[in-house]
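Asker: Shown below is the structure under consideration.
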Amino acid sequence: TGAAQADAAVLVLNADEGAFETGFAQSGQTREHVLLAKSLGVESMIVAVNKIDLVGWSENRYKEITEKITDFLLKSKFKKENLTFLPCSGFSGENLTSITNPQLKEWYKGPCLSEMIDSLQPPLRDIDVPFRFIISDVYKDAISGMGTGVGGRIEGGIVSRGDKLLLQPNNEIAIVKVIRFQGDNVEYASAGLNVDIGLTGIDYSQICLGSVLCDPSHPIKLCSKFKSRMMTFSDLPVPILRGTQVMLHIQNISQPATLSKLIHTFGRNGEVNQKRPKCLGPNTMALVVIEVENPICVELYASFKQLGRFTLRDAGRTIGAGMITKLIDPHL
């Protein structure tokens, strides 16, 4: 849920000999974390080359690691201007808030980690769109007056105290009693903020993680079958066939899904390579149809990116990601 609510990320790499190579291997966690972050909408990334003290504060080792990871990040569609790098040592605290080590000072002249985080620029927020709030936490809080409380991130629009909201997929109306941001009660909140909202008119037992609060006059779409453009990842263990079952992840929503139709594969310029392919191998871009058993809250990627992108996982690994292009079986 953390990556699903983030605008930026800090990728921590182990500079020790052999450790970086293990994580960066074909099926290593470093690659999966990068691909997941990008698939969930993270645009800016700080790469912290940690444990640089274990390699004698070596500039050569730092350059070797940053060159390899930069190439992979660019291939993963991160923009070069949104990437920053620094060496550090979590054990000694070096370059987290300041630089004191003379060996590191000899060759690293950039900012420390805290300064890099402070310099991150927030993206433009979609406040002129219908309200969308993806629930990542549900609780009952009678002490502070929240009542039925939900936590999460506002993906679009504005909410004010007293607003009526529609909870989907339950199709239940709730009223905003309290809005809390960073521990303080506020009258309203807008897109991009992680807030807690106290609701009346609905019991917390009716709310599930991944449910969406939305504007009743512009409700989010419910769908159990949609067309999408997707790409398989390089560590795909076996080819994807028509009928392959996977776990579909959209923000905090997670459901079993079936790839019911493989329409065609295409190249990076969008040209069709093969119609009705028998299977999808690693690093393949394709137009497919995905079905889920129960209707879920989704949007078209073209109209609402945050709720129109997804990842596919199988056997504990991420095997692909994509974007929703058409709702075939919408439940309005």
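By convention here, the chains of the structure tokens are called A, B, ... in the order presented, each chain's residues are numbered starting at 1, and ligands are numbered starting at 1 in the order presented.
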Please provide as a ChimeraX atom specification all residues within 8 Å of Leu287 in chain A, with the sequence filter that same-chain residues fewer than 3 positions apart are discarded (counting only C-alpha atoms).
Answerer: /A:227-230,262-266
Asker: I need the chosen residues saved as a PDB file, in the first residue's frame, with N, CA, C and O atoms.
Answerer:
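The result, written out as out-v3.pdb:
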```pdb
ATOM      1  N   LYS A 227     -10.542  -4.512 -21.464  1.00  0.00           N
ATOM      2  CA  LYS A 227      -9.447  -4.650 -22.421  1.00  0.00           C
ATOM      3  C   LYS A 227      -8.280  -3.791 -21.930  1.00  0.00           C
ATOM      4  O   LYS A 227      -8.491  -2.690 -21.408  1.00  0.00           O
ATOM      5  N   SER A 228      -7.067  -4.286 -22.106  1.00  0.00           N
ATOM      6  CA  SER A 228      -5.917  -3.533 -21.606  1.00  0.00           C
ATOM      7  C   SER A 228      -4.682  -3.766 -22.466  1.00  0.00           C
ATOM      8  O   SER A 228      -4.544  -4.802 -23.129  1.00  0.00           O
ATOM      9  N   ARG A 229      -3.804  -2.782 -22.434  1.00  0.00           N
ATOM     10  CA  ARG A 229      -2.464  -2.895 -23.019  1.00  0.00           C
ATOM     11  C   ARG A 229      -1.520  -3.240 -21.886  1.00  0.00           C
ATOM     12  O   ARG A 229      -1.485  -2.543 -20.875  1.00  0.00           O
ATOM     13  N   MET A 230      -0.766  -4.315 -22.035  1.00  0.00           N
ATOM     14  CA  MET A 230       0.108  -4.749 -20.953  1.00  0.00           C
ATOM     15  C   MET A 230       1.469  -5.168 -21.500  1.00  0.00           C
ATOM     16  O   MET A 230       1.650  -5.363 -22.702  1.00  0.00           O
ATOM     17  N   LEU A 262      -6.122 -13.204 -25.753  1.00  0.00           N
ATOM     18  CA  LEU A 262      -4.898 -12.558 -26.219  1.00  0.00           C
ATOM     19  C   LEU A 262      -5.182 -12.033 -27.626  1.00  0.00           C
ATOM     20  O   LEU A 262      -5.258 -12.805 -28.581  1.00  0.00           O
ATOM     21  N   ILE A 263      -5.349 -10.727 -27.759  1.00  0.00           N
ATOM     22  CA  ILE A 263      -5.810 -10.149 -29.036  1.00  0.00           C
ATOM     23  C   ILE A 263      -4.666 -10.023 -30.031  1.00  0.00           C
ATOM     24  O   ILE A 263      -4.741 -10.533 -31.146  1.00  0.00           O
ATOM     25  N   HIS A 264      -3.616  -9.322 -29.636  1.00  0.00           N
ATOM     26  CA  HIS A 264      -2.427  -9.231 -30.491  1.00  0.00           C
ATOM     27  C   HIS A 264      -1.245  -8.701 -29.696  1.00  0.00           C
ATOM     28  O   HIS A 264      -1.419  -8.108 -28.637  1.00  0.00           O
ATOM     29  N   THR A 265      -0.053  -8.934 -30.220  1.00  0.00           N
ATOM     30  CA  THR A 265       1.155  -8.333 -29.667  1.00  0.00           C
ATOM     31  C   THR A 265       1.522  -7.134 -30.529  1.00  0.00           C
ATOM     32  O   THR A 265       1.121  -7.043 -31.688  1.00  0.00           O
ATOM     33  N   PHE A 266       2.281  -6.207 -29.956  1.00  0.00           N
ATOM     34  CA  PHE A 266       2.656  -5.009 -30.703  1.00  0.00           C
ATOM     35  C   PHE A 266       4.045  -4.553 -30.300  1.00  0.00           C
ATOM     36  O   PHE A 266       4.564  -4.919 -29.246  1.00  0.00           O
TER      37      PHE A 266
END
```
Asker: Considering only strand (DSSP E or B) as DSSP defines it on the backbone, what residues of range 157-331 of chain A qualify? List them as number ranges by chain.
Answerer: A: 158-160, 164-168, 172-181, 184-186, 188-190, 194-200, 212-214, 221-232, 240-241, 245-250, 253-266, 272-275, 279-280, 285-298, 309-314, 317-327, 330-331
Asker: Smallest atom-to-atom distance to Glu64 in chain A: which of A:Asp215, A:Glu21, A:Glu43, A:Glu155, using only C-alpha atoms?
Answerer: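 Comparing A:Asp215, A:Glu21, A:Glu43, A:Glu155 against Glu64 in chain A, the winner is A:Glu21.
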Asker: What are the DSSP helix (DSSP H, G or I) residues of range 112-186 of chain A, as number ranges by chain?
Answerer: A: 113-118
Asker: For Leu199 in chain A, please output as a VMD selection string all residues within 12 Å (counting only C-alpha atoms; exclusion window: fewer than 5 positions along the same chain).
Answerer: chain A and resid 138 to 142 145 to 151 160 to 167 172 to 180 204 206 to 207 213
Asker: From the options A:Lys79, A:Ile65, A:Asp329, A:Ala257, which residue's atoms come nearest to Cys223 in chain A, counting only C-alpha atoms?
Answerer: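 Of all the options, A:Asp329 lies closest to Cys223 in chain A.
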Asker: What's the separation between CA of Met231 in chain A and CA of Thr284 in chain A, in Å to one decimal place?
Answerer: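 CA of Thr284 in chain A lies at a distance of 5.4 Å from CA of Met231 in chain A.
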